[in-house]
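The data block below is start_36.cif; it holds mmCIF, C-alpha atoms and all ligand atoms.
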```
data_entry
loop_
_atom_site.group_PDB
_atom_site.id
_atom_site.type_symbol
_atom_site.label_atom_id
_atom_site.label_comp_id
_atom_site.auth_asym_id
_atom_site.auth_seq_id
_atom_site.Cartn_x
_atom_site.Cartn_y
_atom_site.Cartn_z
ATOM 1 C CA MET A 1 70.408 126.719 118.845
ATOM 2 C CA GLN A 2 73.339 124.527 119.811
ATOM 3 C CA MET A 3 75.100 122.739 116.949
ATOM 4 C CA THR A 4 74.108 119.271 118.233
ATOM 5 C CA GLU A 5 70.437 120.337 118.355
ATOM 6 C CA LYS A 6 70.558 121.868 114.904
ATOM 7 C CA ARG A 7 72.021 118.620 113.561
ATOM 8 C CA ASP A 8 69.496 116.560 115.542
ATOM 9 C CA VAL A 9 66.510 118.280 113.907
ATOM 10 C CA LEU A 10 67.960 117.886 110.418
ATOM 11 C CA ILE A 11 69.110 114.285 110.872
ATOM 12 C CA LYS A 12 65.676 113.182 112.112
ATOM 13 C CA GLU A 13 64.045 114.875 109.109
ATOM 14 C CA TRP A 14 66.542 113.258 106.686
ATOM 15 C CA LEU A 15 66.074 109.820 108.218
ATOM 16 C CA LYS A 16 62.296 110.078 107.824
ATOM 17 C CA GLU A 17 62.802 110.941 104.165
ATOM 18 C CA ALA A 18 65.180 107.995 103.761
ATOM 19 C CA ALA A 19 62.633 105.665 105.406
ATOM 20 C CA THR A 20 59.906 106.738 102.978
ATOM 21 C CA GLU A 21 62.175 106.096 99.999
ATOM 22 C CA ILE A 22 63.349 102.721 101.271
ATOM 23 C CA LYS A 23 59.826 101.508 102.025
ATOM 24 C CA GLU A 24 58.758 102.573 98.540
ATOM 25 C CA ALA A 25 61.714 100.767 96.962
ATOM 26 C CA LEU A 26 60.735 97.554 98.739
ATOM 27 C CA GLN A 27 57.474 97.546 96.779
ATOM 28 C CA HIS A 28 59.526 96.794 93.642
ATOM 29 C CA ASP A 29 62.442 94.518 92.717
ATOM 30 C CA LEU A 30 65.763 95.638 94.160
ATOM 31 C CA GLU A 31 68.781 95.987 91.879
ATOM 32 C CA VAL A 32 71.362 93.781 93.582
ATOM 33 C CA GLU A 33 75.079 93.613 92.793
ATOM 34 C CA VAL A 34 77.758 91.396 94.290
ATOM 35 C CA LYS A 35 80.813 93.202 95.706
ATOM 36 C CA SER A 36 83.825 91.330 97.150
ATOM 37 C CA ARG A 37 82.147 87.897 97.600
ATOM 38 C CA ALA A 38 78.796 86.170 97.083
ATOM 39 C CA ASN A 39 77.321 87.370 100.388
ATOM 40 C CA ASP A 40 78.685 90.934 100.136
ATOM 41 C CA LEU A 41 75.845 92.722 98.345
ATOM 42 C CA VAL A 42 74.972 96.273 97.428
ATOM 43 C CA THR A 43 71.665 97.567 96.050
ATOM 44 C CA GLN A 44 70.675 100.719 94.234
ATOM 45 C CA MET A 45 69.171 101.883 97.539
ATOM 46 C CA ASP A 46 72.462 101.630 99.492
ATOM 47 C CA ARG A 47 74.006 103.933 96.880
ATOM 48 C CA LYS A 48 71.012 106.271 96.505
ATOM 49 C CA ILE A 49 70.496 106.803 100.245
ATOM 50 C CA GLU A 50 74.217 107.383 100.816
ATOM 51 C CA LYS A 51 74.452 109.835 97.916
ATOM 52 C CA GLU A 52 71.428 111.807 99.121
ATOM 53 C CA LEU A 53 72.548 111.960 102.746
ATOM 54 C CA VAL A 54 76.059 113.001 101.704
ATOM 55 C CA GLN A 55 74.561 115.802 99.588
ATOM 56 C CA LYS A 56 72.400 116.988 102.491
ATOM 57 C CA ILE A 57 75.307 116.943 104.955
ATOM 58 C CA ASN A 58 77.520 118.821 102.493
ATOM 59 C CA GLN A 59 74.819 121.398 101.805
ATOM 60 C CA HIS A 60 74.188 122.205 105.485
ATOM 61 C CA PHE A 61 77.658 121.557 106.913
ATOM 62 C CA PRO A 62 80.124 122.268 104.087
ATOM 63 C CA ASN A 63 83.193 122.165 106.346
ATOM 64 C CA ASP A 64 82.445 118.725 107.802
ATOM 65 C CA LEU A 65 83.886 115.434 106.504
ATOM 66 C CA ILE A 66 82.096 112.135 105.890
ATOM 67 C CA ILE A 67 83.252 108.525 106.297
ATOM 68 C CA SER A 68 80.786 106.260 104.501
ATOM 69 C CA GLU A 69 80.576 102.820 102.952
ATOM 70 C CA GLU A 70 79.597 103.173 99.323
ATOM 71 C CA GLY A 71 82.170 105.667 98.089
ATOM 72 C CA PHE A 72 80.430 109.059 98.190
ATOM 73 C CA GLY A 73 82.224 110.249 101.334
ATOM 74 C CA ASP A 74 85.658 111.778 101.914
ATOM 75 C CA HIS A 75 89.108 110.482 102.634
ATOM 76 C CA VAL A 76 89.654 111.401 106.285
ATOM 77 C CA SER A 77 93.172 111.463 107.700
ATOM 78 C CA ARG A 78 93.927 110.997 111.389
ATOM 79 C CA GLU A 79 94.713 114.684 111.651
ATOM 80 C CA ASP A 80 91.325 115.531 110.077
ATOM 81 C CA PHE A 81 89.553 113.200 112.503
ATOM 82 C CA GLU A 82 91.254 114.785 115.496
ATOM 83 C CA GLN A 83 90.645 118.364 114.392
ATOM 84 C CA GLN A 84 87.389 118.449 112.448
ATOM 85 C CA THR A 85 83.772 117.345 112.574
ATOM 86 C CA VAL A 86 83.381 113.934 110.980
ATOM 87 C CA TRP A 87 80.132 112.140 110.115
ATOM 88 C CA PHE A 88 79.941 108.340 109.883
ATOM 89 C CA LEU A 89 77.284 107.081 107.530
ATOM 90 C CA ASP A 90 76.060 103.574 106.772
ATOM 91 C CA PRO A 91 73.127 103.997 104.355
ATOM 92 C CA ILE A 92 71.872 100.444 104.911
ATOM 93 C CA ASP A 93 73.435 98.324 107.634
ATOM 94 C CA GLY A 94 72.400 94.709 107.080
ATOM 95 C CA THR A 95 72.180 94.795 103.285
ATOM 96 C CA LEU A 96 72.007 90.986 103.152
ATOM 97 C CA ASN A 97 68.906 91.107 105.376
ATOM 98 C CA PHE A 98 67.510 93.994 103.340
ATOM 99 C CA VAL A 99 67.769 91.880 100.176
ATOM 100 C CA LEU A 100 66.841 88.447 101.568
ATOM 101 C CA GLN A 101 64.384 89.350 104.349
ATOM 102 C CA ASN A 102 63.282 92.914 103.571
ATOM 103 C CA GLU A 103 63.733 93.604 107.297
ATOM 104 C CA ASN A 104 66.395 93.670 110.044
ATOM 105 C CA TYR A 105 68.373 96.520 108.520
ATOM 106 C CA ALA A 106 69.046 100.086 109.640
ATOM 107 C CA VAL A 107 70.145 103.485 108.381
ATOM 108 C CA MET A 108 72.904 104.815 110.624
ATOM 109 C CA LEU A 109 74.600 108.143 111.251
ATOM 110 C CA ALA A 110 76.983 109.400 113.910
ATOM 111 C CA VAL A 111 78.766 112.714 114.394
ATOM 112 C CA TYR A 112 82.174 113.063 116.043
ATOM 113 C CA GLU A 113 83.802 116.418 116.788
ATOM 114 C CA LYS A 114 87.600 116.362 117.141
ATOM 115 C CA GLY A 115 87.436 112.586 117.672
ATOM 116 C CA ILE A 116 84.722 112.738 120.324
ATOM 117 C CA GLY A 117 81.244 111.299 119.727
ATOM 118 C CA LYS A 118 78.500 113.919 119.949
ATOM 119 C CA GLN A 119 75.386 112.147 118.664
ATOM 120 C CA ALA A 120 74.267 108.975 116.899
ATOM 121 C CA TYR A 121 71.183 107.566 115.159
ATOM 122 C CA ILE A 122 70.252 103.986 114.267
ATOM 123 C CA TYR A 123 66.925 103.784 112.483
ATOM 124 C CA ASP A 124 65.199 100.389 112.427
ATOM 125 C CA ILE A 125 62.902 101.329 109.578
ATOM 126 C CA THR A 126 60.836 98.112 109.503
ATOM 127 C CA HIS A 127 59.683 98.684 113.073
ATOM 128 C CA ASN A 128 59.684 102.489 112.815
ATOM 129 C CA LYS A 129 62.053 102.738 115.762
ATOM 130 C CA LEU A 130 64.709 105.406 115.825
ATOM 131 C CA TYR A 131 67.397 104.818 118.453
ATOM 132 C CA TRP A 132 69.356 107.984 119.061
ATOM 133 C CA GLY A 133 71.356 109.868 121.606
ATOM 134 C CA ILE A 134 73.155 113.136 122.209
ATOM 135 C CA LYS A 135 76.241 113.227 124.428
ATOM 136 C CA ASP A 136 75.441 113.260 128.168
ATOM 137 C CA ASN A 137 71.719 113.177 127.456
ATOM 138 C CA GLY A 138 70.992 109.435 127.454
ATOM 139 C CA VAL A 139 69.650 107.199 124.709
ATOM 140 C CA TYR A 140 66.117 107.222 123.322
ATOM 141 C CA CYS A 141 63.889 104.981 121.266
ATOM 142 C CA ASN A 142 61.717 107.476 119.393
ATOM 143 C CA ASP A 143 60.615 109.775 122.283
ATOM 144 C CA GLN A 144 61.109 107.269 125.089
ATOM 145 C CA PRO A 145 64.330 107.346 127.155
ATOM 146 C CA LEU A 146 65.956 103.917 127.494
ATOM 147 C CA PRO A 147 66.890 102.786 130.999
ATOM 148 C CA LYS A 148 70.646 102.524 131.651
ATOM 149 C CA MET A 149 72.153 99.111 130.889
ATOM 150 C CA LYS A 150 72.600 96.718 133.818
ATOM 151 C CA ASP A 151 76.174 95.493 134.239
ATOM 152 C CA LEU A 152 75.360 91.786 133.759
ATOM 153 C CA PRO A 153 77.925 88.999 133.244
ATOM 154 C CA LEU A 154 77.784 86.547 130.314
ATOM 155 C CA ASP A 155 75.967 83.862 132.294
ATOM 156 C CA LYS A 156 73.112 86.232 133.043
ATOM 157 C CA GLY A 157 72.271 87.138 129.467
ATOM 158 C CA LEU A 158 72.375 86.503 125.736
ATOM 159 C CA PHE A 159 75.526 86.641 123.617
ATOM 160 C CA ALA A 160 75.338 88.027 120.080
ATOM 161 C CA SER A 161 77.814 87.657 117.250
ATOM 162 C CA ASN A 162 78.193 87.506 113.502
ATOM 163 C CA SER A 163 78.216 84.128 111.762
ATOM 164 C CA MET A 164 81.925 84.367 110.869
ATOM 165 C CA PHE A 165 82.888 84.498 114.528
ATOM 166 C CA LEU A 166 80.567 81.645 115.473
ATOM 167 C CA SER A 167 81.700 79.345 112.676
ATOM 168 C CA ASP A 168 85.450 79.962 112.989
ATOM 169 C CA GLN A 169 86.975 76.484 113.411
ATOM 170 C CA GLN A 170 90.473 77.865 114.073
ATOM 171 C CA VAL A 171 89.650 79.090 117.546
ATOM 172 C CA SER A 172 88.149 77.612 120.681
ATOM 173 C CA PHE A 173 87.243 80.806 122.527
ATOM 174 C CA ASN A 174 83.994 81.243 120.572
ATOM 175 C CA ALA A 175 82.688 77.909 121.940
ATOM 176 C CA GLU A 176 83.803 78.878 125.437
ATOM 177 C CA ILE A 177 81.995 82.229 125.269
ATOM 178 C CA THR A 178 78.811 80.806 123.776
ATOM 179 C CA LYS A 179 78.702 77.996 126.380
ATOM 180 C CA ARG A 180 78.971 80.483 129.192
ATOM 181 C CA ALA A 181 76.112 82.707 127.977
ATOM 182 C CA MET A 182 72.423 81.842 128.439
ATOM 183 C CA GLY A 183 71.997 81.701 124.670
ATOM 184 C CA VAL A 184 73.273 83.022 121.353
ATOM 185 C CA ARG A 185 71.597 85.420 118.935
ATOM 186 C CA THR A 186 72.643 86.783 115.571
ATOM 187 C CA ILE A 187 70.727 89.459 113.663
ATOM 188 C CA GLY A 188 73.070 90.311 110.773
ATOM 189 C CA SER A 189 73.281 94.041 111.376
ATOM 190 C CA ALA A 190 76.059 95.412 113.569
ATOM 191 C CA GLY A 191 73.922 98.498 114.201
ATOM 192 C CA LEU A 192 70.864 96.567 115.354
ATOM 193 C CA GLU A 193 73.107 94.352 117.490
ATOM 194 C CA SER A 194 74.423 97.479 119.252
ATOM 195 C CA VAL A 195 70.813 98.533 119.796
ATOM 196 C CA GLU A 196 69.963 95.146 121.386
ATOM 197 C CA LEU A 197 72.887 95.599 123.757
ATOM 198 C CA THR A 198 72.001 99.231 124.495
ATOM 199 C CA LYS A 199 68.426 98.148 125.312
ATOM 200 C CA GLY A 200 69.686 95.404 127.639
ATOM 201 C CA SER A 201 68.336 92.564 125.447
ATOM 202 C CA THR A 202 71.840 91.071 125.140
ATOM 203 C CA VAL A 203 74.994 91.407 127.270
ATOM 204 C CA ALA A 204 77.556 91.354 124.470
ATOM 205 C CA TYR A 205 78.082 91.541 120.723
ATOM 206 C CA VAL A 206 81.350 90.360 119.178
ATOM 207 C CA SER A 207 82.382 90.594 115.549
ATOM 208 C CA TYR A 208 85.513 90.336 113.448
ATOM 209 C CA GLY A 209 86.300 93.045 110.957
ATOM 210 C CA LEU A 210 83.771 95.802 111.565
ATOM 211 C CA LYS A 211 84.302 98.971 109.548
ATOM 212 C CA PRO A 212 84.203 102.516 110.954
ATOM 213 C CA TRP A 213 80.601 103.115 109.710
ATOM 214 C CA ASP A 214 79.478 99.801 111.279
ATOM 215 C CA ILE A 215 80.923 100.738 114.671
ATOM 216 C CA ALA A 216 80.704 104.510 115.201
ATOM 217 C CA PRO A 217 76.914 104.914 115.745
ATOM 218 C CA GLY A 218 76.611 101.839 117.994
ATOM 219 C CA LEU A 219 79.773 102.706 119.904
ATOM 220 C CA PHE A 220 78.287 106.054 120.827
ATOM 221 C CA LEU A 221 74.893 104.657 121.939
ATOM 222 C CA VAL A 222 76.396 101.721 123.860
ATOM 223 C CA GLU A 223 78.859 103.941 125.748
ATOM 224 C CA GLU A 224 76.260 106.621 126.393
ATOM 225 C CA ASN A 225 74.056 103.978 128.008
ATOM 226 C CA GLY A 226 76.720 102.425 130.259
ATOM 227 C CA GLY A 227 78.381 99.815 128.026
ATOM 228 C CA VAL A 228 81.934 99.334 126.778
ATOM 229 C CA VAL A 229 83.341 99.018 123.233
ATOM 230 C CA THR A 230 86.851 97.671 122.629
ATOM 231 C CA GLN A 231 88.954 95.557 120.315
ATOM 232 C CA PHE A 232 89.479 91.878 121.232
ATOM 233 C CA ASP A 233 92.613 92.736 123.255
ATOM 234 C CA GLY A 234 90.735 95.338 125.288
ATOM 235 C CA SER A 235 92.239 98.336 123.517
ATOM 236 C CA ARG A 236 90.083 101.195 122.248
ATOM 237 C CA VAL A 237 88.633 100.715 118.753
ATOM 238 C CA ASP A 238 90.154 102.838 116.002
ATOM 239 C CA LEU A 239 87.396 104.615 114.089
ATOM 240 C CA LEU A 240 89.632 105.034 111.049
ATOM 241 C CA ASN A 241 90.260 101.292 110.636
ATOM 242 C CA THR A 242 88.682 97.845 110.544
ATOM 243 C CA ASN A 243 88.399 96.432 114.075
ATOM 244 C CA PRO A 244 87.757 93.082 115.736
ATOM 245 C CA THR A 245 85.090 94.486 118.023
ATOM 246 C CA ILE A 246 83.517 93.698 121.398
ATOM 247 C CA MET A 247 80.491 95.698 122.503
ATOM 248 C CA ALA A 248 79.351 94.602 125.958
ATOM 249 C CA THR A 249 78.427 95.358 129.524
ATOM 250 C CA PRO A 250 81.604 96.241 131.484
ATOM 251 C CA THR A 251 81.630 92.826 133.206
ATOM 252 C CA ALA A 252 80.963 90.787 130.051
ATOM 253 C CA GLN A 253 83.646 92.760 128.199
ATOM 254 C CA LYS A 254 86.228 91.793 130.848
ATOM 255 C CA GLU A 255 85.183 88.124 130.631
ATOM 256 C CA ILE A 256 85.384 88.116 126.837
ATOM 257 C CA THR A 257 88.795 89.832 126.586
ATOM 258 C CA LYS A 258 90.122 87.296 129.105
ATOM 259 C CA LEU A 259 88.749 84.377 127.066
ATOM 260 C CA LEU A 260 90.114 85.836 123.832
ATOM 261 C CA SER A 261 93.633 86.475 125.140
HETATM 262 C C1 LIG A 301 77.473 94.371 107.696
HETATM 263 C C2 LIG A 301 76.542 94.022 108.836
HETATM 264 C C3 LIG A 301 76.880 92.653 109.389
HETATM 265 C C4 LIG A 301 78.332 92.541 109.833
HETATM 266 C C5 LIG A 301 79.234 92.911 108.660
HETATM 267 C C6 LIG A 301 78.892 94.308 108.147
HETATM 268 P P1 LIG A 301 76.538 96.011 105.758
HETATM 269 O O1 LIG A 301 77.200 95.694 107.235
HETATM 270 O O2 LIG A 301 76.611 94.970 109.879
HETATM 271 O O3 LIG A 301 76.069 92.350 110.517
HETATM 272 O O4 LIG A 301 78.596 91.223 110.233
HETATM 273 O O5 LIG A 301 80.584 92.873 109.101
HETATM 274 O O6 LIG A 301 79.723 94.601 107.041
HETATM 275 O O7 LIG A 301 77.577 95.656 104.753
HETATM 276 O O8 LIG A 301 75.297 95.221 105.653
HETATM 277 O O9 LIG A 301 76.356 97.491 105.867
HETATM 278 CA CA CA A 302 78.053 96.366 102.753
HETATM 279 CA CA CA A 303 77.340 98.072 107.883
HETATM 280 CA CA CA A 304 75.981 99.230 104.550
#
```
Show the structure stored in the file as structure tokens.
Ligand code: IPD
Ligand code: CA
Ligand code: CA
Ligand code: CA
Amino acid sequence: MQMTEKRDVLIKEWLKEAATEIKEALQHDLEVEVKSRANDLVTQMDRKIEKELVQKINQHFPNDLIISEEGFGDHVSREDFEQQTVWFLDPIDGTLNFVLQNENYAVMLAVYEKGIGKQAYIYDITHNKLYWGIKDNGVYCNDQPLPKMKDLPLDKGLFASNSMFLSDQQVSFNAEITKRAMGVRTIGSAGLESVELTKGSTVAYVSYGLKPWDIAPGLFLVEENGGVVTQFDGSRVDLLNTNPTIMATPTAQKEITKLLS
């Protein structure tokens, strides 16, 4: 079996196990802690799911490295990233939604070999929808292949963003972008926003300050399905750093970089 297929079988099994645990945890009170600010939360489930997935990855792929949010992963240098197999793991993307809404969150994993994306998984547990893809094999929702994205401009679709971008009073480009689009949507999970774009439900998602684990799975699925992912200035995102990020159709990405420059 090819390495990507071996990983695919295991990842799907692990994500099912994670879903069962998370659904069970939602039957009881969550243990919530505040991190850097009042709306930056972490629960016992973010930590538990990350710890368990890290253990499983280490057990089956002891030479691989892991970049993850809650501190159980590895420190990965640029040289490591360019030469080794690196997993990106966000145990719960949309923790604020998880705590306040009990929905609109995802468990996310992506695997990059020598800096190149090989496969990614974004599991919308509430709706039992696993979005996944393997390089050059298209993107799927559960067993159904997703049609390729249409290259629509901003005025032919919905624009998505995080609230920080939309409420930034220091800049005028956000108003310009939102006026041009047919409407604005915000979910509160970078992963689920990349899924909306990949599915063709939006034409762009823009966010300040996304971390490597927020970007890597969505980047892979969006690009695999015909979209583009860049920083605000149009340069490639750096998966070892925080990035101001645009995920969009090729045409909408050009419009947005022009408006932002
Ligand atoms: C957050 C979500 C949110 C985005 C934040 C991320 P988390 O991830 O993806 O939509 O606006 O920048 O940090 O902390 O819930 O995994
Ligand atoms: Ca977080
Ligand atoms: Ca996240
Ligand atoms: Ca998270």
| field | Distance of CA of Lys118 (chain A) from CA of Gly157 (chain A), expressed in Å to one decimal place | value | 29.1 Å
Kindly provide, as an mmCIF file with C-alpha atoms, in the frame of the given file, all nucleotide and amino acid residues lying within 8 Å of ligand CA 303 (chain A), counting only C-alpha atoms and all ligand atoms.
```cif
data_model
loop_
_atom_site.group_PDB
_atom_site.id
_atom_site.type_symbol
_atom_site.label_atom_id
_atom_site.label_comp_id
_atom_site.auth_asym_id
_atom_site.auth_seq_id
_atom_site.Cartn_x
_atom_site.Cartn_y
_atom_site.Cartn_z
ATOM 1 C CA GLU A 69 80.576 102.820 102.952
ATOM 2 C CA ASP A 90 76.060 103.574 106.772
ATOM 3 C CA ILE A 92 71.872 100.444 104.911
ATOM 4 C CA ASP A 93 73.435 98.324 107.634
ATOM 5 C CA GLY A 94 72.400 94.709 107.080
ATOM 6 C CA THR A 95 72.180 94.795 103.285
ATOM 7 C CA SER A 189 73.281 94.041 111.376
ATOM 8 C CA ALA A 190 76.059 95.412 113.569
ATOM 9 C CA GLY A 191 73.922 98.498 114.201
ATOM 10 C CA LEU A 210 83.771 95.802 111.565
ATOM 11 C CA LYS A 211 84.302 98.971 109.548
ATOM 12 C CA TRP A 213 80.601 103.115 109.710
ATOM 13 C CA ASP A 214 79.478 99.801 111.279
#
```
Written as a PDB file with C-alpha atoms, in the coordinates of the input, which residues does the PyMOL selection byres (((not hetatm)) within 12 of (chain A and resi 304)) give for the file shown?
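For reference, selection33.pdb as written:
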```
ATOM      1  CA  LYS A  35      80.813  93.202  95.706  1.00  0.00           C
ATOM      2  CA  ASP A  40      78.685  90.934 100.136  1.00  0.00           C
ATOM      3  CA  LEU A  41      75.845  92.722  98.345  1.00  0.00           C
ATOM      4  CA  VAL A  42      74.972  96.273  97.428  1.00  0.00           C
ATOM      5  CA  THR A  43      71.665  97.567  96.050  1.00  0.00           C
ATOM      6  CA  GLN A  44      70.675 100.719  94.234  1.00  0.00           C
ATOM      7  CA  MET A  45      69.171 101.883  97.539  1.00  0.00           C
ATOM      8  CA  ASP A  46      72.462 101.630  99.492  1.00  0.00           C
ATOM      9  CA  ARG A  47      74.006 103.933  96.880  1.00  0.00           C
ATOM     10  CA  LYS A  48      71.012 106.271  96.505  1.00  0.00           C
ATOM     11  CA  ILE A  49      70.496 106.803 100.245  1.00  0.00           C
ATOM     12  CA  GLU A  50      74.217 107.383 100.816  1.00  0.00           C
ATOM     13  CA  ILE A  67      83.252 108.525 106.297  1.00  0.00           C
ATOM     14  CA  SER A  68      80.786 106.260 104.501  1.00  0.00           C
ATOM     15  CA  GLU A  69      80.576 102.820 102.952  1.00  0.00           C
ATOM     16  CA  GLU A  70      79.597 103.173  99.323  1.00  0.00           C
ATOM     17  CA  GLY A  71      82.170 105.667  98.089  1.00  0.00           C
ATOM     18  CA  PHE A  88      79.941 108.340 109.883  1.00  0.00           C
ATOM     19  CA  LEU A  89      77.284 107.081 107.530  1.00  0.00           C
ATOM     20  CA  ASP A  90      76.060 103.574 106.772  1.00  0.00           C
ATOM     21  CA  PRO A  91      73.127 103.997 104.355  1.00  0.00           C
ATOM     22  CA  ILE A  92      71.872 100.444 104.911  1.00  0.00           C
ATOM     23  CA  ASP A  93      73.435  98.324 107.634  1.00  0.00           C
ATOM     24  CA  GLY A  94      72.400  94.709 107.080  1.00  0.00           C
ATOM     25  CA  THR A  95      72.180  94.795 103.285  1.00  0.00           C
ATOM     26  CA  LEU A  96      72.007  90.986 103.152  1.00  0.00           C
ATOM     27  CA  ASN A  97      68.906  91.107 105.376  1.00  0.00           C
ATOM     28  CA  PHE A  98      67.510  93.994 103.340  1.00  0.00           C
ATOM     29  CA  VAL A  99      67.769  91.880 100.176  1.00  0.00           C
ATOM     30  CA  TYR A 105      68.373  96.520 108.520  1.00  0.00           C
ATOM     31  CA  ALA A 106      69.046 100.086 109.640  1.00  0.00           C
ATOM     32  CA  VAL A 107      70.145 103.485 108.381  1.00  0.00           C
ATOM     33  CA  MET A 108      72.904 104.815 110.624  1.00  0.00           C
ATOM     34  CA  LEU A 109      74.600 108.143 111.251  1.00  0.00           C
ATOM     35  CA  GLY A 188      73.070  90.311 110.773  1.00  0.00           C
ATOM     36  CA  SER A 189      73.281  94.041 111.376  1.00  0.00           C
ATOM     37  CA  ALA A 190      76.059  95.412 113.569  1.00  0.00           C
ATOM     38  CA  GLY A 191      73.922  98.498 114.201  1.00  0.00           C
ATOM     39  CA  LEU A 210      83.771  95.802 111.565  1.00  0.00           C
ATOM     40  CA  LYS A 211      84.302  98.971 109.548  1.00  0.00           C
ATOM     41  CA  PRO A 212      84.203 102.516 110.954  1.00  0.00           C
ATOM     42  CA  TRP A 213      80.601 103.115 109.710  1.00  0.00           C
ATOM     43  CA  ASP A 214      79.478  99.801 111.279  1.00  0.00           C
ATOM     44  CA  ILE A 215      80.923 100.738 114.671  1.00  0.00           C
TER      45      ILE A 215
END
```
On this structure, which residues satisfy the PyMOL selection byres (((chain A and resi 151) around 12) and not hetatm), written as a PDB file with C-alpha atoms, keeping the file's coordinate frame?
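Output (out_18.pdb):
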```
ATOM      1  CA  LYS A 148      70.646 102.524 131.651  1.00  0.00           C
ATOM      2  CA  MET A 149      72.153  99.111 130.889  1.00  0.00           C
ATOM      3  CA  LYS A 150      72.600  96.718 133.818  1.00  0.00           C
ATOM      4  CA  LEU A 152      75.360  91.786 133.759  1.00  0.00           C
ATOM      5  CA  PRO A 153      77.925  88.999 133.244  1.00  0.00           C
ATOM      6  CA  LEU A 154      77.784  86.547 130.314  1.00  0.00           C
ATOM      7  CA  ASP A 155      75.967  83.862 132.294  1.00  0.00           C
ATOM      8  CA  LYS A 156      73.112  86.232 133.043  1.00  0.00           C
ATOM      9  CA  GLY A 157      72.271  87.138 129.467  1.00  0.00           C
ATOM     10  CA  LEU A 197      72.887  95.599 123.757  1.00  0.00           C
ATOM     11  CA  THR A 198      72.001  99.231 124.495  1.00  0.00           C
ATOM     12  CA  GLY A 200      69.686  95.404 127.639  1.00  0.00           C
ATOM     13  CA  THR A 202      71.840  91.071 125.140  1.00  0.00           C
ATOM     14  CA  VAL A 203      74.994  91.407 127.270  1.00  0.00           C
ATOM     15  CA  ALA A 204      77.556  91.354 124.470  1.00  0.00           C
ATOM     16  CA  ASN A 225      74.056 103.978 128.008  1.00  0.00           C
ATOM     17  CA  GLY A 226      76.720 102.425 130.259  1.00  0.00           C
ATOM     18  CA  GLY A 227      78.381  99.815 128.026  1.00  0.00           C
ATOM     19  CA  VAL A 228      81.934  99.334 126.778  1.00  0.00           C
ATOM     20  CA  ALA A 248      79.351  94.602 125.958  1.00  0.00           C
ATOM     21  CA  THR A 249      78.427  95.358 129.524  1.00  0.00           C
ATOM     22  CA  PRO A 250      81.604  96.241 131.484  1.00  0.00           C
ATOM     23  CA  THR A 251      81.630  92.826 133.206  1.00  0.00           C
ATOM     24  CA  ALA A 252      80.963  90.787 130.051  1.00  0.00           C
ATOM     25  CA  GLN A 253      83.646  92.760 128.199  1.00  0.00           C
ATOM     26  CA  LYS A 254      86.228  91.793 130.848  1.00  0.00           C
TER      27      LYS A 254
END
```
Using only the atoms of ligand LIG 301 (chain A) listed in the file, plus 6 Å on each side, state the axis-aligned box centre and edge lengths in Å rounded to one decimal, as lines of an AutoDock Vina configuration file.
```
center_x = 77.9
center_y = 94.4
center_z = 107.6
size_x = 17.3
size_y = 18.3
size_z = 17.8
```
| field | Reference answer for the PyMOL selection byres (((chain A and resi 128-132) around 9) and not hetatm), as a ChimeraX atom specification | value | /A:12,15,19,119-127,133-134,138-143,195,217,221
| CA of Thr4 (chain A) to CA of Glu79 (chain A), distance in Å rounded to a single decimal |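 Atom-to-atom, CA of Thr4 (chain A) and CA of Glu79 (chain A) are spaced 22.1 Å apart.
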| Using only C-alpha atoms, which residue out of A:Ser36, A:Val54, A:Ser163, A:Phe173 lies closest to Arg185 (chain A)? | A:Ser163
| request: Rank A:Val206, A:Val111, A:Ile66, A:Val34 by their smallest atom-to-atom distance to ligand CA 302 (chain A), using only C-alpha atoms and all ligand atoms, and report the top residue only. | output: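 Ranking A:Val206, A:Val111, A:Ile66, A:Val34 by distance to ligand CA 302 (chain A), first place goes to A:Val34.
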| Interatomic distance (Å, one decimal) between CA of Val86 (chain A) and CA of Arg236 (chain A) |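 Calculated distance between CA of Val86 (chain A) and CA of Arg236 (chain A) is 18.3 Å.
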Output region 120-127 of chain A with N, CA and C atoms present, as a PDB file, in the coordinates of the input.
```pdb
ATOM      1  N   ALA A 120      74.363 110.120 117.817  1.00  0.00           N
ATOM      2  CA  ALA A 120      74.267 108.975 116.899  1.00  0.00           C
ATOM      3  C   ALA A 120      72.820 108.547 116.726  1.00  0.00           C
ATOM      4  N   TYR A 121      72.543 107.923 115.563  1.00  0.00           N
ATOM      5  CA  TYR A 121      71.183 107.566 115.159  1.00  0.00           C
ATOM      6  C   TYR A 121      71.218 106.208 114.462  1.00  0.00           C
ATOM      7  N   ILE A 122      70.396 105.292 114.929  1.00  0.00           N
ATOM      8  CA  ILE A 122      70.252 103.986 114.267  1.00  0.00           C
ATOM      9  C   ILE A 122      68.757 103.788 114.051  1.00  0.00           C
ATOM     10  N   TYR A 123      68.350 103.813 112.795  1.00  0.00           N
ATOM     11  CA  TYR A 123      66.925 103.784 112.483  1.00  0.00           C
ATOM     12  C   TYR A 123      66.533 102.400 111.969  1.00  0.00           C
ATOM     13  N   ASP A 124      65.770 101.687 112.800  1.00  0.00           N
ATOM     14  CA  ASP A 124      65.199 100.389 112.427  1.00  0.00           C
ATOM     15  C   ASP A 124      63.892 100.718 111.688  1.00  0.00           C
ATOM     16  N   ILE A 125      64.013 100.810 110.390  1.00  0.00           N
ATOM     17  CA  ILE A 125      62.902 101.329 109.578  1.00  0.00           C
ATOM     18  C   ILE A 125      61.696 100.388 109.591  1.00  0.00           C
ATOM     19  N   THR A 126      61.939  99.079 109.528  1.00  0.00           N
ATOM     20  CA  THR A 126      60.836  98.112 109.503  1.00  0.00           C
ATOM     21  C   THR A 126      59.902  98.322 110.692  1.00  0.00           C
ATOM     22  N   HIS A 127      60.497  98.562 111.858  1.00  0.00           N
ATOM     23  CA  HIS A 127      59.683  98.684 113.073  1.00  0.00           C
ATOM     24  C   HIS A 127      59.449 100.145 113.462  1.00  0.00           C
TER      25      HIS A 127
END
```
